[in-house]
$ cat run-v6.tsv   # TSV, C-alpha atoms and all ligand atoms
chain	number	residue	atom	x	y	z
A	27	MET	CA	-2.39	-20.64	-8.99
A	28	LYS	CA	-0.95	-23.67	-10.76
A	29	ARG	CA	1.95	-23.73	-13.19
A	30	GLU	CA	-0.28	-25.08	-15.95
A	31	ASN	CA	-2.19	-21.78	-15.81
A	32	LEU	CA	0.88	-19.88	-16.97
A	33	HIS	CA	0.04	-20.72	-20.57
A	34	SER	CA	-2.67	-18.06	-20.43
A	35	CYS	CA	-0.35	-15.23	-19.37
A	36	LYS	CA	-0.06	-12.44	-21.86
A	37	ARG	CA	2.46	-9.94	-20.51
A	38	ILE	CA	5.81	-11.42	-19.47
A	39	VAL	CA	8.83	-9.73	-17.90
A	40	ILE	CA	12.07	-11.64	-18.53
A	41	LYS	CA	15.20	-10.80	-16.58
A	42	VAL	CA	18.60	-11.96	-17.80
A	43	GLY	CA	21.73	-11.74	-15.70
A	44	THR	CA	25.18	-10.65	-16.81
A	45	SER	CA	26.54	-14.20	-16.84
A	46	SER	CA	23.68	-15.29	-19.11
A	47	ILE	CA	24.65	-12.96	-21.95
A	48	THR	CA	28.38	-12.36	-21.52
A	49	HIS	CA	31.44	-14.62	-21.55
A	50	PRO	CA	33.69	-14.79	-18.47
A	51	THR	CA	35.90	-12.35	-20.42
A	52	GLY	CA	33.03	-9.85	-20.16
A	53	LYS	CA	32.57	-9.80	-23.94
A	54	ILE	CA	29.02	-10.35	-25.15
A	55	ASN	CA	28.12	-13.98	-25.69
A	56	LEU	CA	26.64	-13.58	-29.16
A	57	GLU	CA	25.38	-17.09	-29.44
A	58	ARG	CA	23.42	-16.91	-26.19
A	59	MET	CA	22.09	-13.45	-26.82
A	60	GLU	CA	20.95	-14.40	-30.29
A	61	ARG	CA	19.29	-17.54	-28.98
A	62	LEU	CA	17.46	-15.50	-26.35
A	63	VAL	CA	16.30	-12.87	-28.84
A	64	ARG	CA	15.15	-15.52	-31.31
A	65	GLU	CA	13.11	-17.22	-28.61
A	66	LEU	CA	11.60	-13.95	-27.40
A	67	SER	CA	10.78	-12.88	-30.96
A	68	ASP	CA	8.96	-16.13	-31.51
A	69	LEU	CA	7.02	-15.71	-28.27
A	70	HIS	CA	6.17	-12.19	-29.39
A	71	ASN	CA	4.94	-13.60	-32.71
A	72	SER	CA	2.65	-15.91	-30.75
A	73	GLY	CA	0.90	-12.85	-29.30
A	74	ARG	CA	2.66	-12.31	-25.97
A	75	GLU	CA	3.77	-8.90	-24.76
A	76	LEU	CA	7.36	-8.90	-23.56
A	77	ILE	CA	9.52	-6.66	-21.40
A	78	LEU	CA	13.18	-7.61	-21.12
A	79	VAL	CA	15.20	-6.54	-18.07
A	80	SER	CA	18.80	-7.02	-19.07
A	81	SER	CA	21.96	-6.72	-17.00
A	82	GLY	CA	25.34	-6.81	-18.65
A	83	ALA	CA	26.23	-3.14	-19.11
A	84	VAL	CA	29.10	-3.22	-16.62
A	85	GLY	CA	30.22	-6.62	-17.95
A	86	ALA	CA	30.15	-5.55	-21.59
A	87	GLY	CA	32.03	-2.34	-20.74
A	88	ALA	CA	34.61	-4.35	-18.80
A	89	GLY	CA	34.97	-6.71	-21.75
A	90	LYS	CA	35.38	-3.90	-24.24
A	91	LEU	CA	38.01	-2.00	-22.25
A	92	GLY	CA	39.65	-5.09	-20.77
A	93	ARG	CA	39.26	-3.72	-17.21
A	94	THR	CA	37.97	-5.17	-13.96
A	95	PRO	CA	36.24	-2.43	-11.96
A	96	SER	CA	37.19	-1.98	-8.34
A	97	SER	CA	35.42	1.26	-7.40
A	98	LEU	CA	31.89	2.57	-7.93
A	99	PRO	CA	32.96	5.28	-10.44
A	100	GLU	CA	34.79	2.60	-12.43
A	101	LYS	CA	31.68	0.43	-12.51
A	102	GLN	CA	29.59	3.42	-13.54
A	103	ALA	CA	32.06	4.31	-16.28
A	104	LEU	CA	32.05	0.75	-17.58
A	105	ALA	CA	28.24	0.70	-17.51
A	106	ALA	CA	28.25	3.85	-19.65
A	107	VAL	CA	30.50	2.11	-22.17
A	108	GLY	CA	28.64	-1.19	-22.05
A	109	GLN	CA	25.01	-0.03	-22.14
A	110	GLY	CA	25.35	1.20	-25.71
A	111	LEU	CA	27.05	-2.01	-26.75
A	112	LEU	CA	24.28	-4.07	-25.21
A	113	MET	CA	21.57	-2.09	-26.97
A	114	GLN	CA	23.46	-2.21	-30.25
A	115	MET	CA	23.50	-6.00	-30.15
A	116	TYR	CA	19.90	-6.31	-28.96
A	117	GLU	CA	18.81	-3.93	-31.70
A	118	LYS	CA	20.72	-5.94	-34.31
A	119	PHE	CA	19.28	-9.29	-33.25
A	120	PHE	CA	15.71	-8.08	-32.69
A	121	SER	CA	15.75	-6.33	-36.10
A	122	GLU	CA	16.71	-9.62	-37.74
A	123	TYR	CA	13.38	-10.96	-36.55
A	124	SER	CA	11.55	-7.77	-37.57
A	125	LYS	CA	11.09	-6.63	-33.98
A	126	SER	CA	11.65	-3.19	-32.54
A	127	ALA	CA	13.37	-2.75	-29.20
A	128	ALA	CA	13.40	0.30	-26.91
A	129	GLN	CA	15.78	1.27	-24.14
A	130	ILE	CA	14.47	2.26	-20.70
A	131	LEU	CA	16.92	3.19	-17.95
A	132	LEU	CA	15.52	3.54	-14.43
A	133	THR	CA	16.56	4.50	-10.94
A	134	ARG	CA	14.73	3.61	-7.75
A	135	ASP	CA	13.07	6.99	-7.38
A	136	CYS	CA	11.22	6.33	-10.65
A	137	PHE	CA	8.87	4.16	-8.61
A	138	ALA	CA	8.62	6.49	-5.62
A	139	ASP	CA	7.82	9.72	-7.44
A	140	PRO	CA	4.20	9.67	-8.72
A	141	SER	CA	4.80	11.59	-11.92
A	142	ARG	CA	7.85	9.52	-12.90
A	143	TYR	CA	5.98	6.34	-12.08
A	144	LEU	CA	3.09	7.48	-14.24
A	145	ASN	CA	5.43	8.37	-17.10
A	146	PHE	CA	7.07	4.98	-16.86
A	147	ARG	CA	3.72	3.17	-16.99
A	148	ASN	CA	2.34	5.29	-19.80
A	149	THR	CA	5.50	4.83	-21.85
A	150	VAL	CA	5.60	1.08	-21.33
A	151	PHE	CA	1.93	0.70	-22.23
A	152	ALA	CA	2.43	2.81	-25.36
A	153	LEU	CA	5.48	0.73	-26.36
A	154	LEU	CA	3.58	-2.51	-25.83
A	155	ASP	CA	0.70	-1.13	-27.92
A	156	TYR	CA	3.19	-0.42	-30.68
A	157	GLY	CA	4.41	-4.01	-30.47
A	158	VAL	CA	7.84	-2.90	-29.25
A	159	VAL	CA	9.95	-4.89	-26.77
A	160	PRO	CA	11.14	-2.52	-24.00
A	161	ILE	CA	14.60	-3.38	-22.68
A	162	VAL	CA	15.10	-2.12	-19.14
A	163	ASN	CA	18.25	-1.66	-17.09
A	164	GLU	CA	19.22	0.42	-14.12
A	165	ASN	CA	20.63	3.83	-15.04
A	166	ASP	CA	23.90	2.81	-13.43
A	167	THR	CA	25.84	5.94	-14.29
A	168	VAL	CA	23.64	8.28	-12.27
A	169	ALA	CA	22.37	5.85	-9.66
A	170	VAL	CA	24.04	6.99	-6.46
A	171	ASP	CA	23.45	4.85	-3.40
A	172	GLU	CA	20.15	6.26	-2.28
A	173	LEU	CA	18.69	6.03	-5.80
A	174	LYS	CA	19.92	2.54	-6.44
A	175	PHE	CA	18.12	-0.74	-6.83
A	176	GLY	CA	21.61	-2.20	-6.88
A	177	ASP	CA	20.52	-5.35	-8.60
A	178	ASN	CA	18.31	-6.13	-11.54
A	179	ASP	CA	16.44	-8.92	-9.75
A	180	ARG	CA	14.47	-6.48	-7.59
A	181	LEU	CA	14.30	-4.03	-10.46
A	182	SER	CA	12.65	-6.69	-12.63
A	183	ALA	CA	10.07	-7.41	-9.89
A	184	MET	CA	9.26	-3.69	-9.60
A	185	VAL	CA	8.93	-3.46	-13.37
A	186	ALA	CA	6.65	-6.51	-13.41
A	187	CYS	CA	4.39	-4.96	-10.75
A	188	ASN	CA	4.26	-1.51	-12.26
A	189	ALA	CA	3.69	-2.77	-15.79
A	190	GLU	CA	1.06	-5.21	-14.46
A	191	ALA	CA	2.79	-8.26	-15.89
A	192	ASP	CA	1.24	-11.73	-15.70
A	193	LEU	CA	4.56	-13.51	-15.21
A	194	LEU	CA	8.16	-12.75	-14.23
A	195	VAL	CA	10.90	-15.11	-15.42
A	196	ILE	CA	14.39	-14.70	-14.00
A	197	LEU	CA	17.00	-16.45	-16.14
A	198	SER	CA	20.20	-17.10	-14.30
A	199	ASP	CA	23.35	-19.23	-14.16
A	200	ILE	CA	21.57	-21.39	-11.60
A	201	ASP	CA	18.51	-23.45	-12.45
A	202	GLY	CA	16.37	-22.55	-9.46
A	203	LEU	CA	16.23	-22.39	-5.67
A	204	TYR	CA	17.91	-25.24	-3.77
A	205	ASP	CA	17.44	-26.49	-0.23
A	206	ALA	CA	21.20	-25.95	0.32
A	207	ASP	CA	23.94	-24.18	-1.65
A	208	PRO	CA	24.51	-26.56	-4.61
A	209	ARG	CA	27.98	-25.14	-5.21
A	210	ARG	CA	29.07	-26.40	-1.82
A	211	ASN	CA	26.71	-29.26	-1.12
A	212	PRO	CA	26.37	-32.03	-3.75
A	213	ASP	CA	23.22	-33.33	-2.05
A	214	ALA	CA	21.38	-30.04	-2.46
A	215	ARG	CA	18.00	-30.51	-4.12
A	216	LEU	CA	16.07	-28.15	-6.34
A	217	ILE	CA	12.81	-26.86	-4.84
A	218	PRO	CA	10.26	-26.98	-7.70
A	219	GLU	CA	7.60	-24.81	-6.07
A	220	VAL	CA	7.58	-22.19	-3.31
A	221	ALA	CA	4.31	-20.99	-1.81
A	222	THR	CA	5.95	-19.25	1.16
A	223	ILE	CA	9.51	-18.02	1.50
A	224	THR	CA	10.84	-19.44	4.78
A	225	GLU	CA	13.69	-18.28	6.99
A	226	ALA	CA	15.59	-21.47	6.10
A	227	MET	CA	15.38	-20.56	2.41
A	228	GLU	CA	16.72	-17.10	3.16
A	229	ALA	CA	19.52	-18.56	5.26
A	230	ASN	CA	20.53	-20.94	2.45
A	231	SER	CA	20.51	-18.19	-0.14
A	232	THR	CA	23.39	-16.00	0.79
A	233	THR	CA	25.28	-16.32	-2.53
A	234	LYS	CA	26.38	-12.95	-3.85
A	235	GLY	CA	27.17	-11.66	-7.32
A	236	SER	CA	30.62	-10.86	-8.71
A	237	SER	CA	32.59	-7.69	-9.46
A	238	ILE	CA	30.47	-7.14	-12.59
A	239	SER	CA	27.07	-8.43	-11.46
A	240	SER	CA	25.11	-7.60	-8.34
A	241	GLY	CA	22.60	-10.40	-7.93
A	242	GLY	CA	22.74	-13.77	-6.19
A	243	MET	CA	20.03	-15.94	-4.67
A	244	ALA	CA	19.29	-13.43	-1.88
A	245	THR	CA	18.22	-10.72	-4.33
A	246	LYS	CA	16.20	-13.28	-6.30
A	247	LEU	CA	14.26	-14.16	-3.16
A	248	ALA	CA	13.73	-10.45	-2.51
A	249	ALA	CA	12.36	-10.19	-6.05
A	250	ALA	CA	10.13	-13.20	-5.41
A	251	ARG	CA	8.69	-11.56	-2.29
A	252	ILE	CA	7.77	-8.45	-4.26
A	253	ALA	CA	6.26	-10.45	-7.12
A	254	MET	CA	4.33	-12.91	-4.94
A	255	SER	CA	2.81	-10.25	-2.72
A	256	ASN	CA	1.69	-8.35	-5.79
A	257	GLY	CA	0.02	-11.41	-7.26
A	258	ILE	CA	2.59	-12.06	-9.96
A	259	PRO	CA	3.89	-15.60	-10.51
A	260	MET	CA	7.67	-15.82	-10.80
A	261	VAL	CA	9.99	-18.54	-12.08
A	262	ILE	CA	13.78	-18.80	-11.68
A	263	ALA	CA	15.33	-21.01	-14.35
A	264	SER	CA	18.66	-21.60	-16.01
A	265	SER	CA	19.53	-19.55	-19.06
A	266	ASP	CA	21.31	-22.69	-20.35
A	267	GLU	CA	17.96	-24.39	-20.74
A	268	ARG	CA	16.75	-24.30	-24.36
A	269	SER	CA	13.61	-22.22	-24.93
A	270	ALA	CA	13.21	-21.77	-21.18
A	271	VAL	CA	10.80	-18.82	-21.38
A	272	ARG	CA	8.59	-20.46	-24.00
A	273	ARG	CA	8.44	-23.67	-21.99
A	274	ILE	CA	7.73	-21.88	-18.70
A	275	ALA	CA	5.04	-19.79	-20.34
A	276	GLY	CA	3.62	-23.04	-21.68
A	277	GLY	CA	3.25	-24.39	-18.13
A	278	GLU	CA	6.26	-26.77	-18.13
A	279	PRO	CA	7.75	-27.47	-14.70
A	280	LEU	CA	11.15	-25.87	-15.22
A	281	GLY	CA	13.21	-24.28	-12.43
A	282	THR	CA	11.50	-22.97	-9.28
A	283	PHE	CA	7.98	-21.60	-9.42
A	284	PHE	CA	7.04	-18.94	-6.84
A	285	VAL	CA	3.30	-19.05	-6.32
A	286	PRO	CA	1.62	-15.63	-6.16
A	287	SER	CA	-0.46	-14.84	-3.11
A	288	ARG	CA	-4.16	-15.04	-3.88
A	289	GLU	CA	-4.87	-11.71	-2.29
A	290	GLY	CA	-2.24	-10.08	-4.42
A	291	TYR	CA	-3.57	-11.77	-7.52
A	292	ALA	CA	-7.09	-10.55	-6.89
A	293	ALA	CA	-5.84	-7.15	-5.82
A	294	ARG	CA	-3.66	-6.34	-8.84
A	295	ARG	CA	-5.15	-2.95	-9.48
A	296	GLN	CA	-7.13	-2.89	-6.27
A	297	TRP	CA	-4.48	-0.83	-4.49
A	298	LEU	CA	-5.82	1.98	-6.59
A	299	ALA	CA	-9.38	1.19	-5.65
A	300	VAL	CA	-8.93	0.69	-1.92
A	301	GLY	CA	-5.38	1.32	-0.82
A	302	SER	CA	-4.73	4.72	-2.34
A	303	THR	CA	-5.38	8.17	-0.93
A	304	PRO	CA	-7.10	10.34	-3.52
A	305	ARG	CA	-5.81	13.91	-3.73
A	306	GLY	CA	-8.86	15.23	-5.47
A	307	VAL	CA	-12.24	14.51	-7.03
A	308	LEU	CA	-13.34	14.51	-10.65
A	309	ARG	CA	-17.11	14.68	-10.94
A	310	VAL	CA	-18.35	13.23	-14.22
A	311	ASP	CA	-21.55	13.38	-16.26
A	312	PRO	CA	-23.83	10.34	-16.83
A	313	GLY	CA	-22.29	9.69	-20.29
A	314	ALA	CA	-18.77	9.41	-18.88
A	315	GLU	CA	-20.08	7.36	-15.95
A	316	CYS	CA	-21.58	4.84	-18.37
A	317	ALA	CA	-18.42	4.79	-20.54
A	318	LEU	CA	-16.27	4.04	-17.50
A	319	LEU	CA	-18.58	1.48	-15.92
A	320	HIS	CA	-19.81	-0.41	-18.94
A	321	GLN	CA	-17.58	0.27	-21.93
A	322	GLY	CA	-14.06	0.00	-20.52
A	323	LYS	CA	-13.25	3.54	-21.68
A	324	SER	CA	-10.77	6.13	-20.43
A	325	LEU	CA	-11.91	9.37	-18.77
A	326	LEU	CA	-11.82	12.27	-21.26
A	327	PRO	CA	-12.08	15.96	-20.36
A	328	SER	CA	-15.44	16.19	-22.11
A	329	GLY	CA	-17.11	14.01	-19.49
A	330	ILE	CA	-15.85	15.96	-16.47
A	331	ARG	CA	-18.23	18.44	-14.85
A	332	SER	CA	-16.16	19.71	-11.92
A	333	VAL	CA	-12.89	19.31	-10.08
A	334	GLU	CA	-12.11	19.38	-6.37
A	335	GLY	CA	-8.76	19.46	-4.65
A	336	ASP	CA	-5.26	20.33	-5.67
A	337	PHE	CA	-3.43	17.45	-7.31
A	338	HIS	CA	-0.46	16.99	-9.61
A	339	PRO	CA	0.10	14.70	-12.59
A	340	GLY	CA	0.64	11.19	-11.24
A	341	ASP	CA	-1.59	11.68	-8.18
A	342	VAL	CA	-4.56	9.43	-7.51
A	343	VAL	CA	-7.99	11.02	-7.92
A	344	SER	CA	-11.46	9.80	-7.05
A	345	VAL	CA	-13.95	9.74	-9.92
A	346	ARG	CA	-17.50	10.44	-8.73
A	347	SER	CA	-20.93	10.52	-10.28
A	348	GLU	CA	-23.17	13.59	-10.17
A	349	SER	CA	-24.93	12.03	-7.18
A	350	ASP	CA	-21.52	11.76	-5.43
A	351	LEU	CA	-21.15	7.99	-5.71
A	352	GLU	CA	-17.52	6.95	-6.13
A	353	ILE	CA	-17.23	5.12	-9.44
A	354	ALA	CA	-13.48	4.67	-9.82
A	355	ARG	CA	-10.04	5.79	-8.77
A	356	GLY	CA	-7.30	6.54	-11.19
A	357	ILE	CA	-4.02	8.30	-11.79
A	358	SER	CA	-4.48	11.73	-13.32
A	359	ASN	CA	-2.37	12.73	-16.31
A	360	TYR	CA	-3.05	16.42	-15.58
A	361	ALA	CA	-2.78	18.76	-12.61
A	362	ALA	CA	-6.03	19.98	-11.02
A	363	GLY	CA	-5.63	23.49	-12.46
A	364	ASP	CA	-5.24	22.13	-15.98
A	365	VAL	CA	-8.25	19.83	-15.63
A	366	ARG	CA	-10.32	22.88	-14.55
A	367	ARG	CA	-9.31	24.59	-17.78
A	368	ILE	CA	-10.11	21.68	-20.12
A	369	LEU	CA	-13.16	20.13	-18.44
A	370	GLY	CA	-16.17	19.84	-20.67
A	371	ARG	CA	-14.01	20.29	-23.75
A	372	HIS	CA	-13.29	17.92	-26.58
A	373	SER	CA	-9.83	16.29	-26.40
A	374	GLY	CA	-9.02	17.99	-29.70
A	375	ASP	CA	-9.22	21.37	-27.90
A	376	ILE	CA	-6.64	20.54	-25.22
A	377	ALA	CA	-3.68	21.90	-27.18
A	378	ALA	CA	-5.50	25.18	-27.87
A	379	VAL	CA	-6.34	25.66	-24.20
A	380	LEU	CA	-3.16	24.40	-22.51
A	381	GLY	CA	-0.71	25.15	-25.32
A	382	VAL	CA	0.21	21.48	-25.56
A	383	CYS	CA	-1.64	18.16	-25.53
A	384	ASP	CA	0.43	15.38	-24.02
A	385	TYR	CA	-2.57	13.18	-23.33
A	386	GLU	CA	-6.06	12.93	-24.77
A	387	GLU	CA	-7.35	11.36	-21.58
A	388	VAL	CA	-7.39	12.87	-18.11
A	389	VAL	CA	-7.26	9.34	-16.68
A	390	HIS	CA	-6.24	6.54	-19.03
A	391	ARG	CA	-8.01	3.21	-18.69
A	392	ASN	CA	-4.68	1.54	-17.93
A	393	ASN	CA	-4.42	3.66	-14.80
A	394	LEU	CA	-8.00	3.31	-13.60
A	395	ALA	CA	-9.72	0.88	-11.22
A	396	LEU	CA	-13.47	0.70	-10.79
A	397	VAL	CA	-14.51	0.90	-7.16
B	1	LIG	N1	22.82	-2.87	-14.00
B	1	LIG	C1	24.00	-3.75	-13.97
B	1	LIG	C2	24.55	-3.92	-15.39
B	1	LIG	O1	23.87	-3.70	-16.35
B	1	LIG	C3	23.71	-5.11	-13.45
B	1	LIG	C4	23.06	-5.23	-12.11
B	1	LIG	C5	22.92	-6.70	-11.73
B	1	LIG	O2	23.84	-7.49	-11.98
B	1	LIG	O3	21.87	-7.08	-11.20
B	1	LIG	O4	25.68	-4.32	-15.54

$ encode --input "run-v6.tsv" --output "structure tokens"
Amino acid sequence: MKRENLHSCKRIVIKVGTSSITHPTGKINLERMERLVRELSDLHNSGRELILVSSGAVGAGAGKLGRTPSSLPEKQALAAVGQGLLMQMYEKFFSEYSKSAAQILLTRDCFADPSRYLNFRNTVFALLDYGVVPIVNENDTVAVDELKFGDNDRLSAMVACNAEADLLVILSDIDGLYDADPRRNPDARLIPEVATITEAMEANSTTKGSSISSGGMATKLAAARIAMSNGIPMVIASSDERSAVRRIAGGEPLGTFFVPSREGYAARRQWLAVGSTPRGVLRVDPGAECALLHQGKSLLPSGIRSVEGDFHPGDVVSVRSESDLEIARGISNYAAGDVRRILGRHSGDIAAVLGVCDYEEVVHRNNLALV
């Protein structure tokens, strides 16, 4: 993939670091945040879908209370103070441009547990359909070590993969990846494009974050690995650069471009089709088969004839024709027992049968891959 092709990307995840939206005092840098929100709002007006991954909760909390955290509970306490402040300011600025923002706080297990993962995807897709800009951060206050991403660089890459983004832009206080540490070596040169992350790059990228931010170049490279192997192009650029996201999404050669692997690119939803292990089978009638294969539709209970296996919401199921040909694989919104109760029924009957109707579809199109 070439940089010029980025102009066609629709869904963009933008990650901003603490230093990009706060002053060294920790207080929110209103001018920068406003500039960012104005730019994103304009991109949104141009028809792009945006997901913002924003750090800065610990920093904003530290700025508000005038404290520098030294322990984990102190950081978590400051994040609890700062997260609300961050959202308050984002909400204010996005509203000025008639945009709605939404807060999503995640921990690492959200991507490991199938039903949480499914809820995350479904919520993000619903927000994007509503034209809302989701603003994601780690749920720092409850994220104990084993549930932690620890840094928002990797979190943003996971979000980009799970929300099937077309581009990930990491805005930072550095304008890209260098062949040596530019803070120590004046001859260091910016690498404009990376097709493969080498050991030398890793070795040169040992910079760490600060007491209020966790990233550094090492975590950005880790994010790049995740994005590239999942077929998602990624760019690291300076948040000082005017209209950086708009220019990157227009194909301009800003910062460092990490080229997605071709396999990943082709295989975006293919993990569902080939790499997943179905926990059950949904056998569908010819009408549903045609709707799935030729009309890009979701799988509704009315088209299901029978159910095999014992699966839970969030598990992968195999969708098969009456003649037992596998048509698709998808993530089921309902447990096997519930699908048995609603199969053959109209979606409007789900609430009457199950007592509640959280989803009209058994498998939403967003969570389905044709085999
Ligand atoms: N979640 C942290 C915060 O909002 C930032 C983590 C990071 O710097 O990557 O302050």

$ closest_atom_pairs --input "run-v6.tsv" --of "chain A" --to "ligand LIG 1 (chain B)" --cutoff "9 Å" --atoms "all atoms listed in the file" --output "tab-separated table"
residue	atom	partner	partner_atom	distance
A:Val42	CA	B:LIG1	O3	8.8
A:Gly43	CA	B:LIG1	O2	6.0
A:Thr44	CA	B:LIG1	O2	5.9
A:Ser45	CA	B:LIG1	O2	8.7
A:Ser80	CA	B:LIG1	O1	6.6
A:Ser81	CA	B:LIG1	O1	3.6
A:Gly82	CA	B:LIG1	O4	4.0
A:Ala83	CA	B:LIG1	O1	3.7
A:Val84	CA	B:LIG1	O4	3.8
A:Gly85	CA	B:LIG1	O4	5.6
A:Ala86	CA	B:LIG1	O4	7.6
A:Gly87	CA	B:LIG1	O4	8.4
A:Lys101	CA	B:LIG1	O4	8.2
A:Gln102	CA	B:LIG1	O4	8.9
A:Leu104	CA	B:LIG1	O4	8.4
A:Ala105	CA	B:LIG1	O4	6.0
A:Gly108	CA	B:LIG1	O4	7.8
A:Gln109	CA	B:LIG1	O1	6.9
A:Leu112	CA	B:LIG1	O1	8.9
A:Asn163	CA	B:LIG1	N1	5.6
A:Glu164	CA	B:LIG1	N1	4.9
A:Asn165	CA	B:LIG1	N1	7.1
A:Asp166	CA	B:LIG1	N1	5.8
A:Phe175	CA	B:LIG1	C4	8.5
A:Gly176	CA	B:LIG1	C4	6.2
A:Asp177	CA	B:LIG1	O3	3.4
A:Asn178	CA	B:LIG1	O3	3.7
A:Asp179	CA	B:LIG1	O3	5.9
A:Arg180	CA	B:LIG1	O3	8.3
A:Leu181	CA	B:LIG1	O3	8.2
A:Gly235	CA	B:LIG1	O2	7.1
A:Ser236	CA	B:LIG1	O2	8.2
A:Ile238	CA	B:LIG1	O4	6.3
A:Ser239	CA	B:LIG1	O2	3.4
A:Ser240	CA	B:LIG1	O2	3.9
A:Gly241	CA	B:LIG1	O3	4.7
A:Gly242	CA	B:LIG1	O3	8.4
A:Thr245	CA	B:LIG1	O3	8.6

$ closest_residue --input "run-v6.tsv" --among "A:Val379, A:Leu32, A:Val39, A:Leu308" --to "A:Glu352" --atoms "all atoms listed in the file"
A:Leu308

$ atom_distance --input "run-v6.tsv" --atom1 "atom CA of A:Leu193" --atom2 "atom CA of A:Asn55"
25.8 Å

$ closest_residue --input "run-v6.tsv" --among "A:Leu380, A:Leu131, A:Leu394, A:Val168" --to "A:Gly322" --atoms "only C-alpha atoms"
A:Leu394

$ closest_residue --input "run-v6.tsv" --among "A:Ile38, A:Ala186, A:Val195, A:Ala226" --to "A:Ser255" --atoms "all atoms listed in the file"
A:Ala186

$ atom_distance --input "run-v6.tsv" --atom1 "atom CA of A:Thr167" --atom2 "atom CA of A:Thr48"
19.8 Å

$ closest_residue --input "run-v6.tsv" --among "A:Lys36, A:Arg134, A:Arg64, A:Lys90" --to "A:Leu76" --atoms "all atoms listed in the file"
A:Lys36

$ axis_aligned_box --input "run-v6.tsv" --around "stretch 279-290 of chain A" --padding-each-side "8 Å" --output "AutoDock Vina command-line options"
--center_x 4.2 --center_y -18.8 --center_z -8.8 --size_x 34.1 --size_y 33.4 --size_z 28.9

$ closest_residue --input "run-v6.tsv" --among "A:Asp205, A:Glu348, A:Asp336, A:Asp341" --to "A:Gly313" --atoms "all atoms listed in the file"
A:Glu348

$ residues_around --input "run-v6.tsv" --residues "A:Leu247" --least-positions-apart "5" --cutoff "10 Å" --atoms "all atoms listed in the file" --output "list of chain:residue names"
A:Asp179, A:Arg180, A:Leu203, A:Ile223, A:Met227, A:Glu228, A:Ser231, A:Gly242, A:Ile252, A:Ala253, A:Ile262, A:Phe284

$ build_atoms --input "run-v6.tsv" --residues "stretch 76-88 of chain A" --atoms "N, CA and C atoms" --output "compact mmCIF listing (two decimals), in the frame of the given file"
# COMPACT_ATOMS: atom_id res chain seq x y z
N LEU A 76 6.13 -8.60 -24.28
CA LEU A 76 7.36 -8.90 -23.56
C LEU A 76 8.07 -7.64 -23.11
N ILE A 77 8.64 -7.72 -21.90
CA ILE A 77 9.52 -6.66 -21.40
C ILE A 77 10.79 -7.38 -20.94
N LEU A 78 11.92 -6.98 -21.49
CA LEU A 78 13.18 -7.61 -21.12
C LEU A 78 13.91 -6.72 -20.13
N VAL A 79 14.33 -7.29 -19.00
CA VAL A 79 15.20 -6.54 -18.07
C VAL A 79 16.58 -7.17 -18.21
N SER A 80 17.50 -6.43 -18.77
CA SER A 80 18.80 -7.02 -19.07
C SER A 80 19.94 -6.35 -18.30
N SER A 81 20.70 -7.17 -17.60
CA SER A 81 21.96 -6.72 -17.00
C SER A 81 23.02 -6.83 -18.09
N GLY A 82 24.24 -6.58 -17.71
CA GLY A 82 25.34 -6.81 -18.65
C GLY A 82 26.06 -5.56 -19.09
N ALA A 83 25.57 -4.37 -18.67
CA ALA A 83 26.23 -3.14 -19.11
C ALA A 83 27.65 -3.05 -18.54
N VAL A 84 27.76 -3.29 -17.24
CA VAL A 84 29.10 -3.22 -16.62
C VAL A 84 30.00 -4.30 -17.23
N GLY A 85 29.44 -5.51 -17.39
CA GLY A 85 30.22 -6.62 -17.95
C GLY A 85 30.69 -6.31 -19.36
N ALA A 86 29.78 -5.82 -20.20
CA ALA A 86 30.15 -5.55 -21.59
C ALA A 86 31.19 -4.42 -21.67
N GLY A 87 31.05 -3.43 -20.78
CA GLY A 87 32.03 -2.34 -20.74
C GLY A 87 33.39 -2.86 -20.30
N ALA A 88 33.36 -3.76 -19.29
CA ALA A 88 34.61 -4.35 -18.80
C ALA A 88 35.27 -5.17 -19.90
